[in-house]
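Peer 1: work36.cif is reproduced below (mmCIF, C-alpha atoms and all ligand atoms).
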data_work
#
loop_
_atom_site.group_PDB
_atom_site.id
_atom_site.type_symbol
_atom_site.label_atom_id
_atom_site.label_comp_id
_atom_site.auth_asym_id
_atom_site.auth_seq_id
_atom_site.Cartn_x
_atom_site.Cartn_y
_atom_site.Cartn_z
ATOM 1 C CA MET A 1 2.749 -48.818 -55.330
ATOM 2 C CA ARG A 2 -0.059 -51.027 -56.625
ATOM 3 C CA LYS A 3 -1.796 -52.815 -53.765
ATOM 4 C CA VAL A 4 -4.441 -55.505 -53.377
ATOM 5 C CA ILE A 5 -7.242 -53.875 -51.423
ATOM 6 C CA LEU A 6 -10.360 -55.500 -49.974
ATOM 7 C CA ILE A 7 -13.178 -53.126 -49.056
ATOM 8 C CA THR A 8 -16.331 -54.368 -47.340
ATOM 9 C CA GLY A 9 -19.668 -52.917 -48.476
ATOM 10 C CA ILE A 10 -19.174 -51.203 -51.824
ATOM 11 C CA SER A 11 -22.784 -51.046 -53.003
ATOM 12 C CA SER A 12 -23.185 -47.458 -51.768
ATOM 13 C CA GLY A 13 -21.786 -44.627 -49.658
ATOM 14 C CA PHE A 14 -18.149 -44.654 -48.575
ATOM 15 C CA GLY A 15 -17.508 -48.125 -49.963
ATOM 16 C CA LYS A 16 -18.659 -47.198 -53.440
ATOM 17 C CA GLU A 17 -16.574 -44.008 -53.499
ATOM 18 C CA MET A 18 -13.497 -45.691 -52.015
ATOM 19 C CA SER A 19 -13.611 -48.476 -54.586
ATOM 20 C CA ARG A 20 -13.893 -45.940 -57.422
ATOM 21 C CA VAL A 21 -11.107 -43.671 -56.154
ATOM 22 C CA LEU A 22 -8.752 -46.569 -55.382
ATOM 23 C CA ILE A 23 -9.235 -48.320 -58.747
ATOM 24 C CA GLU A 24 -8.562 -45.008 -60.488
ATOM 25 C CA LYS A 25 -5.293 -44.841 -58.518
ATOM 26 C CA GLY A 26 -4.267 -48.123 -60.122
ATOM 27 C CA HIS A 27 -4.799 -50.494 -57.205
ATOM 28 C CA ILE A 28 -6.326 -53.964 -57.468
ATOM 29 C CA VAL A 29 -9.661 -53.474 -55.740
ATOM 30 C CA TYR A 30 -12.056 -56.100 -54.446
ATOM 31 C CA GLY A 31 -15.300 -55.016 -52.863
ATOM 32 C CA THR A 32 -17.910 -57.010 -51.026
ATOM 33 C CA ILE A 33 -21.563 -56.933 -52.021
ATOM 34 C CA ARG A 34 -24.739 -58.743 -50.971
ATOM 35 C CA LYS A 35 -26.666 -58.326 -54.189
ATOM 36 C CA SER A 36 -25.738 -57.319 -57.710
ATOM 37 C CA CYS A 37 -25.102 -53.608 -58.098
ATOM 38 C CA ASP A 38 -23.225 -51.141 -60.294
ATOM 39 C CA VAL A 39 -19.546 -50.828 -59.500
ATOM 40 C CA ALA A 40 -16.766 -48.774 -61.053
ATOM 41 C CA PRO A 41 -15.056 -50.438 -64.063
ATOM 42 C CA GLY A 42 -12.229 -52.708 -62.962
ATOM 43 C CA VAL A 43 -13.494 -53.236 -59.412
ATOM 44 C CA LYS A 44 -13.999 -56.924 -58.654
ATOM 45 C CA THR A 45 -16.814 -58.020 -56.389
ATOM 46 C CA VAL A 46 -17.171 -60.878 -53.931
ATOM 47 C CA PHE A 47 -20.251 -61.835 -51.958
ATOM 48 C CA MET A 48 -20.067 -61.211 -48.238
ATOM 49 C CA GLU A 49 -22.748 -61.168 -45.556
ATOM 50 C CA LEU A 50 -21.190 -59.915 -42.356
ATOM 51 C CA ALA A 51 -23.612 -61.876 -40.199
ATOM 52 C CA ASP A 52 -22.407 -65.134 -41.775
ATOM 53 C CA SER A 53 -18.888 -66.270 -40.898
ATOM 54 C CA ASN A 54 -18.767 -68.777 -43.806
ATOM 55 C CA SER A 55 -19.462 -66.076 -46.338
ATOM 56 C CA ILE A 56 -16.717 -63.919 -44.805
ATOM 57 C CA ARG A 57 -14.216 -66.797 -45.063
ATOM 58 C CA ASN A 58 -15.236 -67.556 -48.646
ATOM 59 C CA ALA A 59 -14.932 -63.927 -49.697
ATOM 60 C CA VAL A 60 -11.435 -63.531 -48.234
ATOM 61 C CA ASN A 61 -10.329 -66.893 -49.692
ATOM 62 C CA THR A 62 -11.528 -65.885 -53.153
ATOM 63 C CA VAL A 63 -9.348 -62.782 -53.086
ATOM 64 C CA LEU A 64 -6.375 -64.730 -51.733
ATOM 65 C CA GLN A 65 -6.762 -67.430 -54.401
ATOM 66 C CA ASN A 66 -6.958 -64.833 -57.174
ATOM 67 C CA GLU A 67 -4.250 -62.446 -55.994
ATOM 68 C CA GLY A 68 -2.099 -64.401 -53.535
ATOM 69 C CA SER A 69 -2.303 -61.727 -50.866
ATOM 70 C CA ILE A 70 -4.319 -58.851 -49.426
ATOM 71 C CA ASP A 71 -2.280 -55.745 -48.660
ATOM 72 C CA VAL A 72 -5.066 -53.557 -47.310
ATOM 73 C CA LEU A 73 -8.346 -54.428 -45.614
ATOM 74 C CA ILE A 74 -10.897 -51.644 -45.222
ATOM 75 C CA ASN A 75 -13.613 -52.590 -42.730
ATOM 76 C CA ASN A 76 -16.440 -50.367 -43.860
ATOM 77 C CA ALA A 77 -19.730 -52.259 -44.317
ATOM 78 C CA GLY A 78 -22.286 -51.790 -41.648
ATOM 79 C CA MET A 79 -25.792 -50.898 -40.616
ATOM 80 C CA HIS A 80 -27.188 -48.186 -38.403
ATOM 81 C CA SER A 81 -29.804 -48.384 -35.637
ATOM 82 C CA GLY A 82 -31.503 -45.490 -33.884
ATOM 83 C CA ALA A 83 -33.522 -45.856 -30.697
ATOM 84 C CA PRO A 84 -33.750 -44.841 -27.068
ATOM 85 C CA ILE A 85 -31.666 -47.468 -25.257
ATOM 86 C CA GLU A 86 -34.592 -48.511 -23.039
ATOM 87 C CA ASP A 87 -36.848 -49.049 -26.069
ATOM 88 C CA ALA A 88 -34.289 -50.875 -28.212
ATOM 89 C CA PRO A 89 -35.126 -54.585 -28.311
ATOM 90 C CA GLU A 90 -32.358 -57.007 -27.397
ATOM 91 C CA GLU A 91 -32.475 -58.289 -30.977
ATOM 92 C CA MET A 92 -31.571 -54.830 -32.266
ATOM 93 C CA PHE A 93 -28.431 -54.709 -30.121
ATOM 94 C CA ARG A 94 -27.472 -58.237 -31.150
ATOM 95 C CA LYS A 95 -27.918 -57.527 -34.863
ATOM 96 C CA GLN A 96 -25.961 -54.290 -34.638
ATOM 97 C CA MET A 97 -23.095 -55.997 -32.820
ATOM 98 C CA ASP A 98 -23.184 -59.059 -35.091
ATOM 99 C CA ILE A 99 -22.784 -56.973 -38.214
ATOM 100 C CA ASN A 100 -20.760 -53.935 -37.158
ATOM 101 C CA PHE A 101 -18.481 -55.692 -34.681
ATOM 102 C CA HIS A 102 -18.364 -59.510 -34.856
ATOM 103 C CA GLY A 103 -18.458 -59.385 -38.655
ATOM 104 C CA TRP A 104 -15.453 -57.057 -38.626
ATOM 105 C CA ILE A 105 -13.519 -59.270 -36.211
ATOM 106 C CA ASN A 106 -14.210 -62.262 -38.446
ATOM 107 C CA THR A 107 -13.015 -60.419 -41.514
ATOM 108 C CA ILE A 108 -9.841 -59.310 -39.731
ATOM 109 C CA LYS A 109 -9.159 -62.855 -38.476
ATOM 110 C CA ASN A 110 -9.418 -64.261 -41.993
ATOM 111 C CA VAL A 111 -7.037 -61.700 -43.419
ATOM 112 C CA LEU A 112 -4.421 -61.781 -40.661
ATOM 113 C CA PRO A 113 -2.611 -65.100 -41.329
ATOM 114 C CA GLY A 114 -1.556 -63.923 -44.799
ATOM 115 C CA MET A 115 -0.519 -60.494 -43.546
ATOM 116 C CA ARG A 116 1.446 -62.050 -40.662
ATOM 117 C CA SER A 117 3.331 -64.435 -42.901
ATOM 118 C CA ARG A 118 4.325 -61.594 -45.228
ATOM 119 C CA LYS A 119 5.048 -59.296 -42.264
ATOM 120 C CA SER A 120 3.141 -56.532 -43.956
ATOM 121 C CA GLY A 121 -0.383 -55.187 -44.098
ATOM 122 C CA LEU A 122 -2.736 -52.351 -43.335
ATOM 123 C CA ILE A 123 -6.150 -52.613 -41.677
ATOM 124 C CA ILE A 124 -8.369 -49.545 -41.821
ATOM 125 C CA ASN A 125 -11.416 -49.540 -39.549
ATOM 126 C CA ILE A 126 -14.107 -46.992 -40.381
ATOM 127 C CA SER A 127 -15.326 -45.938 -36.954
ATOM 128 C CA SER A 128 -17.221 -42.688 -36.302
ATOM 129 C CA ILE A 129 -16.795 -39.364 -34.563
ATOM 130 C CA GLY A 130 -19.795 -40.524 -32.519
ATOM 131 C CA ALA A 131 -17.549 -43.252 -31.101
ATOM 132 C CA LEU A 132 -15.420 -40.541 -29.510
ATOM 133 C CA THR A 133 -18.177 -38.257 -28.253
ATOM 134 C CA GLY A 134 -21.273 -40.411 -27.735
ATOM 135 C CA LEU A 135 -24.591 -39.426 -29.311
ATOM 136 C CA PRO A 136 -28.130 -39.447 -27.875
ATOM 137 C CA PHE A 137 -30.474 -42.100 -29.292
ATOM 138 C CA GLN A 138 -27.625 -43.553 -31.320
ATOM 139 C CA GLY A 139 -26.442 -45.728 -28.447
ATOM 140 C CA VAL A 140 -27.088 -49.034 -30.216
ATOM 141 C CA TYR A 141 -25.006 -47.955 -33.185
ATOM 142 C CA THR A 142 -22.281 -46.176 -31.243
ATOM 143 C CA SER A 143 -21.914 -49.129 -28.846
ATOM 144 C CA ALA A 144 -20.676 -51.164 -31.803
ATOM 145 C CA LYS A 145 -18.352 -48.332 -32.860
ATOM 146 C CA PHE A 146 -16.981 -47.993 -29.303
ATOM 147 C CA ALA A 147 -16.322 -51.733 -29.468
ATOM 148 C CA VAL A 148 -14.438 -51.249 -32.745
ATOM 149 C CA GLU A 149 -12.363 -48.591 -30.988
ATOM 150 C CA GLY A 150 -11.429 -51.006 -28.183
ATOM 151 C CA LEU A 151 -10.655 -53.733 -30.682
ATOM 152 C CA SER A 152 -8.477 -51.438 -32.772
ATOM 153 C CA TYR A 153 -6.426 -50.221 -29.791
ATOM 154 C CA ALA A 154 -5.571 -53.791 -28.795
ATOM 155 C CA LEU A 155 -5.027 -54.938 -32.360
ATOM 156 C CA ARG A 156 -2.517 -52.244 -33.230
ATOM 157 C CA LEU A 157 -0.395 -53.269 -30.246
ATOM 158 C CA GLU A 158 -0.626 -56.997 -30.985
ATOM 159 C CA LEU A 159 0.151 -56.576 -34.686
ATOM 160 C CA LYS A 160 3.084 -54.196 -34.333
ATOM 161 C CA GLN A 161 5.533 -57.116 -34.103
ATOM 162 C CA PHE A 162 4.317 -58.333 -37.527
ATOM 163 C CA ASN A 163 4.599 -54.905 -39.168
ATOM 164 C CA ILE A 164 0.829 -54.804 -39.702
ATOM 165 C CA LYS A 165 -0.568 -51.327 -39.231
ATOM 166 C CA VAL A 166 -4.004 -50.539 -37.850
ATOM 167 C CA VAL A 167 -5.625 -47.215 -38.681
ATOM 168 C CA VAL A 168 -8.931 -45.910 -37.335
ATOM 169 C CA VAL A 169 -10.833 -43.359 -39.395
ATOM 170 C CA ASN A 170 -13.572 -41.391 -37.631
ATOM 171 C CA PRO A 171 -15.967 -39.748 -40.067
ATOM 172 C CA GLY A 172 -18.445 -37.051 -39.064
ATOM 173 C CA ASP A 173 -21.629 -36.677 -41.112
ATOM 174 C CA PHE A 174 -21.514 -37.654 -44.777
ATOM 175 C CA ARG A 175 -24.362 -37.965 -47.275
ATOM 176 C CA THR A 176 -24.635 -41.707 -47.743
ATOM 177 C CA ARG A 177 -27.491 -44.185 -47.686
ATOM 178 C CA ASN A 178 -27.161 -44.839 -43.964
ATOM 179 C CA VAL A 179 -29.938 -42.356 -43.147
ATOM 180 C CA GLU A 180 -32.488 -44.164 -45.359
ATOM 181 C CA THR A 181 -31.521 -47.616 -44.168
ATOM 182 C CA ARG A 182 -31.314 -46.856 -40.436
ATOM 183 C CA GLU A 183 -33.414 -49.269 -38.384
ATOM 184 C CA MET A 184 -35.476 -47.540 -35.707
ATOM 185 C CA ALA A 185 -37.261 -48.585 -32.547
ATOM 186 C CA LEU A 186 -39.570 -46.567 -30.336
ATOM 187 C CA ALA A 187 -41.838 -48.299 -27.830
ATOM 188 C CA GLU A 188 -45.563 -47.643 -27.821
ATOM 189 C CA ASN A 189 -46.296 -44.686 -25.533
ATOM 190 C CA SER A 190 -42.549 -44.327 -25.101
ATOM 191 C CA ALA A 191 -41.370 -42.039 -22.336
ATOM 192 C CA TYR A 192 -38.703 -40.861 -24.784
ATOM 193 C CA GLU A 193 -40.934 -40.102 -27.784
ATOM 194 C CA LYS A 194 -40.868 -36.299 -27.652
ATOM 195 C CA GLN A 195 -37.132 -36.038 -26.996
ATOM 196 C CA PHE A 196 -36.287 -38.819 -29.440
ATOM 197 C CA LYS A 197 -38.141 -37.103 -32.278
ATOM 198 C CA LYS A 198 -36.621 -33.721 -31.443
ATOM 199 C CA SER A 199 -33.038 -35.004 -31.265
ATOM 200 C CA LEU A 200 -33.494 -37.246 -34.290
ATOM 201 C CA ALA A 201 -34.684 -34.284 -36.372
ATOM 202 C CA ILE A 202 -31.427 -32.469 -35.469
ATOM 203 C CA ILE A 203 -29.333 -35.566 -36.237
ATOM 204 C CA GLU A 204 -31.074 -36.142 -39.581
ATOM 205 C CA LYS A 205 -30.692 -32.488 -40.565
ATOM 206 C CA GLU A 206 -26.941 -32.736 -39.900
ATOM 207 C CA GLU A 207 -26.718 -35.984 -41.865
ATOM 208 C CA GLY A 208 -28.647 -34.457 -44.778
ATOM 209 C CA GLU A 209 -26.215 -31.546 -44.837
ATOM 210 C CA GLY A 210 -23.251 -33.909 -44.527
ATOM 211 C CA LYS A 211 -20.181 -33.854 -46.719
ATOM 212 C CA ASP A 212 -19.694 -35.691 -50.010
ATOM 213 C CA PRO A 213 -18.380 -39.240 -49.295
ATOM 214 C CA VAL A 214 -15.795 -38.834 -52.055
ATOM 215 C CA LEU A 215 -13.844 -36.597 -49.632
ATOM 216 C CA LEU A 216 -13.453 -39.506 -47.252
ATOM 217 C CA ALA A 217 -12.503 -41.799 -50.127
ATOM 218 C CA ARG A 218 -9.702 -39.427 -51.169
ATOM 219 C CA LYS A 219 -8.470 -39.276 -47.580
ATOM 220 C CA ILE A 220 -8.368 -43.079 -47.430
ATOM 221 C CA SER A 221 -6.375 -43.135 -50.662
ATOM 222 C CA LYS A 222 -3.797 -40.784 -49.113
ATOM 223 C CA ILE A 223 -3.611 -42.895 -45.955
ATOM 224 C CA ILE A 224 -2.895 -45.998 -48.059
ATOM 225 C CA ASP A 225 -0.063 -44.166 -49.833
ATOM 226 C CA LYS A 226 1.645 -43.215 -46.564
ATOM 227 C CA LYS A 227 4.624 -45.198 -45.366
ATOM 228 C CA ASN A 228 3.797 -44.493 -41.756
ATOM 229 C CA PRO A 229 0.128 -43.555 -41.380
ATOM 230 C CA LYS A 230 -1.110 -42.115 -38.100
ATOM 231 C CA TYR A 231 -3.250 -44.316 -35.876
ATOM 232 C CA ARG A 232 -6.328 -42.064 -36.114
ATOM 233 C CA TYR A 233 -7.799 -39.695 -38.703
ATOM 234 C CA LEU A 234 -10.833 -37.505 -38.003
ATOM 235 C CA VAL A 235 -12.713 -36.584 -41.180
ATOM 236 C CA GLY A 236 -15.629 -34.213 -40.731
ATOM 237 C CA SER A 237 -16.733 -30.639 -40.251
ATOM 238 C CA GLY A 238 -14.837 -28.223 -37.996
ATOM 239 C CA ILE A 239 -17.487 -28.434 -35.276
ATOM 240 C CA GLN A 240 -17.458 -32.245 -35.310
ATOM 241 C CA LYS A 241 -13.684 -32.372 -34.997
ATOM 242 C CA ALA A 242 -13.792 -29.668 -32.305
ATOM 243 C CA ALA A 243 -16.291 -31.778 -30.317
ATOM 244 C CA VAL A 244 -13.691 -34.570 -30.104
ATOM 245 C CA CYS A 245 -11.113 -32.101 -28.864
ATOM 246 C CA PHE A 246 -13.552 -30.573 -26.316
ATOM 247 C CA LYS A 247 -14.406 -34.044 -25.021
ATOM 248 C CA LYS A 248 -10.723 -34.602 -24.281
ATOM 249 C CA ILE A 249 -10.006 -31.327 -22.530
ATOM 250 C CA MET A 250 -13.289 -30.289 -20.916
ATOM 251 C CA PRO A 251 -14.639 -31.532 -17.614
ATOM 252 C CA GLU A 252 -17.196 -34.262 -18.423
ATOM 253 C CA ARG A 253 -19.987 -32.192 -16.816
ATOM 254 C CA ILE A 254 -19.448 -29.262 -19.174
ATOM 255 C CA PHE A 255 -19.124 -31.453 -22.243
ATOM 256 C CA THR A 256 -22.378 -33.248 -21.335
ATOM 257 C CA PHE A 257 -24.119 -29.898 -20.902
ATOM 258 C CA LEU A 258 -22.931 -28.688 -24.320
ATOM 259 C CA ILE A 259 -23.778 -31.866 -26.209
ATOM 260 C CA SER A 260 -27.222 -31.989 -24.558
ATOM 261 C CA LYS A 261 -27.911 -28.413 -25.636
ATOM 262 C CA TYR A 262 -26.699 -29.197 -29.148
ATOM 263 C CA TYR A 263 -29.186 -32.049 -29.484
ATOM 264 C CA GLY A 264 -32.061 -30.020 -28.007
ATOM 265 C CA MET A 265 -32.190 -31.926 -24.722
HETATM 266 N N1 LIG B 1 -22.299 -41.731 -43.486
HETATM 267 C C1 LIG B 1 -21.855 -41.255 -42.369
HETATM 268 O O1 LIG B 1 -22.133 -40.094 -42.033
HETATM 269 C C2 LIG B 1 -20.987 -42.100 -41.466
HETATM 270 C C3 LIG B 1 -20.403 -41.493 -40.355
HETATM 271 C C4 LIG B 1 -19.584 -42.259 -39.530
HETATM 272 C C5 LIG B 1 -19.319 -43.578 -39.828
HETATM 273 N N2 LIG B 1 -19.919 -44.171 -40.923
HETATM 274 C C6 LIG B 1 -19.616 -45.572 -41.180
HETATM 275 O O2 LIG B 1 -19.214 -45.723 -42.517
HETATM 276 C C7 LIG B 1 -19.431 -47.061 -42.938
HETATM 277 C C8 LIG B 1 -20.123 -47.073 -44.292
HETATM 278 O O3 LIG B 1 -21.423 -46.531 -44.154
HETATM 279 P P1 LIG B 1 -22.095 -45.577 -45.228
HETATM 280 O O4 LIG B 1 -22.401 -44.317 -44.518
HETATM 281 O O5 LIG B 1 -21.325 -45.552 -46.477
HETATM 282 O O6 LIG B 1 -23.518 -46.314 -45.387
HETATM 283 P P2 LIG B 1 -24.219 -47.062 -46.617
HETATM 284 O O7 LIG B 1 -24.268 -46.188 -47.803
HETATM 285 O O8 LIG B 1 -25.521 -47.518 -46.037
HETATM 286 O O9 LIG B 1 -23.292 -48.322 -46.919
HETATM 287 C C9 LIG B 1 -23.270 -49.434 -46.077
HETATM 288 C C10 LIG B 1 -22.661 -50.608 -46.813
HETATM 289 O O10 LIG B 1 -22.587 -51.708 -45.909
HETATM 290 C C11 LIG B 1 -23.201 -52.854 -46.522
HETATM 291 N N3 LIG B 1 -23.814 -53.711 -45.519
HETATM 292 C C12 LIG B 1 -24.802 -53.398 -44.642
HETATM 293 N N4 LIG B 1 -25.125 -54.468 -43.897
HETATM 294 C C13 LIG B 1 -24.326 -55.480 -44.307
HETATM 295 C C14 LIG B 1 -24.192 -56.847 -43.925
HETATM 296 N N5 LIG B 1 -24.969 -57.392 -42.977
HETATM 297 N N6 LIG B 1 -23.265 -57.595 -44.559
HETATM 298 C C15 LIG B 1 -22.483 -57.085 -45.532
HETATM 299 N N7 LIG B 1 -22.576 -55.800 -45.958
HETATM 300 C C16 LIG B 1 -23.491 -55.009 -45.345
HETATM 301 C C17 LIG B 1 -24.261 -52.268 -47.447
HETATM 302 O O11 LIG B 1 -24.614 -53.249 -48.414
HETATM 303 P P3 LIG B 1 -26.143 -53.489 -48.908
HETATM 304 O O12 LIG B 1 -26.373 -52.561 -50.074
HETATM 305 O O13 LIG B 1 -26.168 -54.916 -49.286
HETATM 306 O O14 LIG B 1 -27.047 -53.175 -47.749
HETATM 307 C C18 LIG B 1 -23.497 -51.071 -48.011
HETATM 308 O O15 LIG B 1 -22.662 -51.487 -49.054
HETATM 309 C C19 LIG B 1 -20.262 -47.728 -41.825
HETATM 310 O O16 LIG B 1 -19.433 -48.519 -41.021
HETATM 311 C C20 LIG B 1 -20.793 -46.526 -41.048
HETATM 312 O O17 LIG B 1 -21.084 -46.835 -39.720
HETATM 313 C C21 LIG B 1 -20.745 -43.442 -41.741
#
Do you think you could lay out the structure here as structure tokens?
Ligand SMILES: NC(=O)c1ccc[n+]([C@@H]2O[C@H](COP(=O)([O-])OP(=O)(O)OC[C@H]3O[C@@H](n4cnc5c(N)ncnc54)[C@H](OP(=O)(O)O)[C@@H]3O)[C@@H](O)[C@H]2O)c1

Peer 2:
Amino acid sequence: MRKVILITGISSGFGKEMSRVLIEKGHIVYGTIRKSCDVAPGVKTVFMELADSNSIRNAVNTVLQNEGSIDVLINNAGMHSGAPIEDAPEEMFRKQMDINFHGWINTIKNVLPGMRSRKSGLIINISSIGALTGLPFQGVYTSAKFAVEGLSYALRLELKQFNIKVVVVNPGDFRTRNVETREMALAENSAYEKQFKKSLAIIEKEEGEGKDPVLLARKISKIIDKKNPKYRYLVGSGIQKAAVCFKKIMPERIFTFLISKYYGM
């Protein structure tokens, strides 16, 4: 069935691929951008800056005025920070949370009244496998993803009565622009410098060898087609998915030992 879909952040990466795949499937696709960029034919764009609640409201209202409703919201846009927690300035945490968490809440809040009144809707939150395992020196970024996890758990319970479904998708490593745009912080003469650089090299190697984002876009398309989607979908390599499983079943001590070894710590 043809649906009205709003995807945040379609200038690159997952957003770009999702918008292309979903328009090819015949859906009405709106994607948010912050500056002009190439988009797939047929995809409509609206301006949205996640750090600005007015721009979020305007973007959602534009889609509602044009189409009357939004069937699917895909919370995707975000930024990525890498730093030892002790070295990360307060401003870095605030910015990360403003964009990857508060911006998502604002978007959800603007979309919900319409979905509630129609007693139908689907909200897909793009989280991360890192939000289920934890990652060294990615604590600023994963804190926001852990927050999205907490938000999503509560939301799915609160929205059940209105027949609005909440789905969390946890990607592993994919080759997108997030590696180039990651904001970094390392204090002068940092006590973490050696370990940070070593672990970061491993993380960046994994990201560079990541999967093609179109695979995630196709998965999202299938989720949208399902009458009763699952709450959570893990999309990544075998080892990344296994890590989530190990985290659940292994004693915390053993899991910590393994993940430390993996990241050269
Ligand atoms: N790639 C991975 O391996 C991976 C793994 C797990 C989870 N994820 C998650 O997947 C989602 C998409 O990331 P990606 O990997 O596709 O990265 P990406 O290629 O860097 O795309 C990020 C998108 O978010 C937009 N964006 C960034 N800051 C924004 C802001 N303040 N307001 C509005 N839009 C903003 C960007 O727009 P501009 O062009 O204007 O900056 C861009 O369209 C993110 O939530 C990320 O955390 C990615």

Peer 1: Once 5 Å is added on each side, what centre and edge lengths in Å to one decimal does the axis-aligned box around all listed atoms of ligand LIG 1 (chain B) have, as lines of an AutoDock Vina configuration file?

Peer 2:
center_x = -23.1
center_y = -48.8
center_z = -44.8
size_x = 17.8
size_y = 27.5
size_z = 20.5

Peer 1: Calculated over all atoms listed in the file, which of the candidates A:Val214, A:Met265, A:Ala77, A:Leu22 has the smallest distance to Gln195 in chain A?

Peer 2: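 So, comparing all the options, the nearest one is A:Met265.
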
Peer 1: Using all atoms listed in the file, find each protein or nucleic acid residue lying at most 8 Å from ligand LIG 1 (chain B); present the set as a VMD selection string.

Peer 2: chain A and resid 8 to 16 32 to 35 48 to 51 75 to 80 99 to 100 103 126 to 130 141 145 170 to 181 207 210 213

Peer 1: Looking at A:Lys226, A:His102, A:Arg20, A:Lys197, which one is nearest to Pro84 in chain A, with distances taken over all atoms listed in the file?

Peer 2: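 Closest to Pro84 in chain A of all the choices is A:Lys197.
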
Peer 1: Using only C-alpha atoms, find the one residue out of A:Ser69, A:Ser143, A:Gln240, A:Asn189 that sits nearest to Ser120 in chain A.

Peer 2: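 Going through A:Ser69, A:Ser143, A:Gln240, A:Asn189 one by one, the smallest distance to Ser120 in chain A is for A:Ser69.
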
Peer 1: Can you translate the PyMOL selection byres (((chain A and resi 63) around 12) and not hetatm) into the concrete residues it hits in this file, as a ChimeraX atom specification?

Peer 2: /A:4-7,28-32,44-48,56-62,64-73,110-111,114

Peer 1: Of the candidates A:Gln96, A:Ser36, A:Asn228, A:Ser53, which one gets nearest to Leu122 in chain A if we count all atoms listed in the file?

Peer 2: A:Asn228

Peer 1: Counting all atoms listed in the file, which residues sit no farther than 10 Å from the position (-4.2, -39.0, -34.1) in the file's frame? I'd like them as a PyMOL selection string.

Peer 2: chain A and resi 167-169+229-234

Peer 1: Any chance you could work out the residue set of the PyMOL selection byres (((chain A and resi 21) around 8) and not hetatm) here, as a PyMOL selection string?

Peer 2: chain A and resi 17-20+22-25+214+217-218+221

Peer 1: For the selection just defined, write its residues with C-alpha atoms to a file, as a short mmCIF file (atom, residue, chain, number, x, y, z; two decimals), in the frame of the given file.

Peer 2:
data_model
loop_
_atom_site.label_atom_id
_atom_site.label_comp_id
_atom_site.auth_asym_id
_atom_site.auth_seq_id
_atom_site.Cartn_x
_atom_site.Cartn_y
_atom_site.Cartn_z
CA GLU A 17 -16.57 -44.01 -53.50
CA MET A 18 -13.50 -45.69 -52.02
CA SER A 19 -13.61 -48.48 -54.59
CA ARG A 20 -13.89 -45.94 -57.42
CA LEU A 22 -8.75 -46.57 -55.38
CA ILE A 23 -9.24 -48.32 -58.75
CA GLU A 24 -8.56 -45.01 -60.49
CA LYS A 25 -5.29 -44.84 -58.52
CA VAL A 214 -15.80 -38.83 -52.06
CA ALA A 217 -12.50 -41.80 -50.13
CA ARG A 218 -9.70 -39.43 -51.17
CA SER A 221 -6.38 -43.14 -50.66
#

Peer 1: Go ahead and compute the interatomic distance for CA of Ala201 in chain A and CA of Gly82 in chain A, in Å to one decimal.

Peer 2: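 Computed distance, CA of Ala201 in chain A to CA of Gly82 in chain A, equals 11.9 Å.
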
Peer 1: Taking into account all atoms listed in the file, which residue in the set A:Lys222, A:Ala187, A:Ala154, A:Gln138 is nearest to Glu204 in chain A?

Peer 2: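 Closest to Glu204 in chain A, using all atoms listed in the file: A:Gln138.
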
Peer 1: Since I can't run it myself right now, could you work out what the PyMOL selection byres (((chain A and resi 116) around 10) and not hetatm) selects here and report it as an MDAnalysis selection string?

Peer 2: chainID A and resid 111:115 117:121 159 161:164

Peer 1: What is the distance, in Å and to one decimal place, between CA of Ala83 in chain A and CA of Thr142 in chain A?

Peer 2: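 Taking CA of Ala83 in chain A and CA of Thr142 in chain A, their separation equals 11.3 Å.
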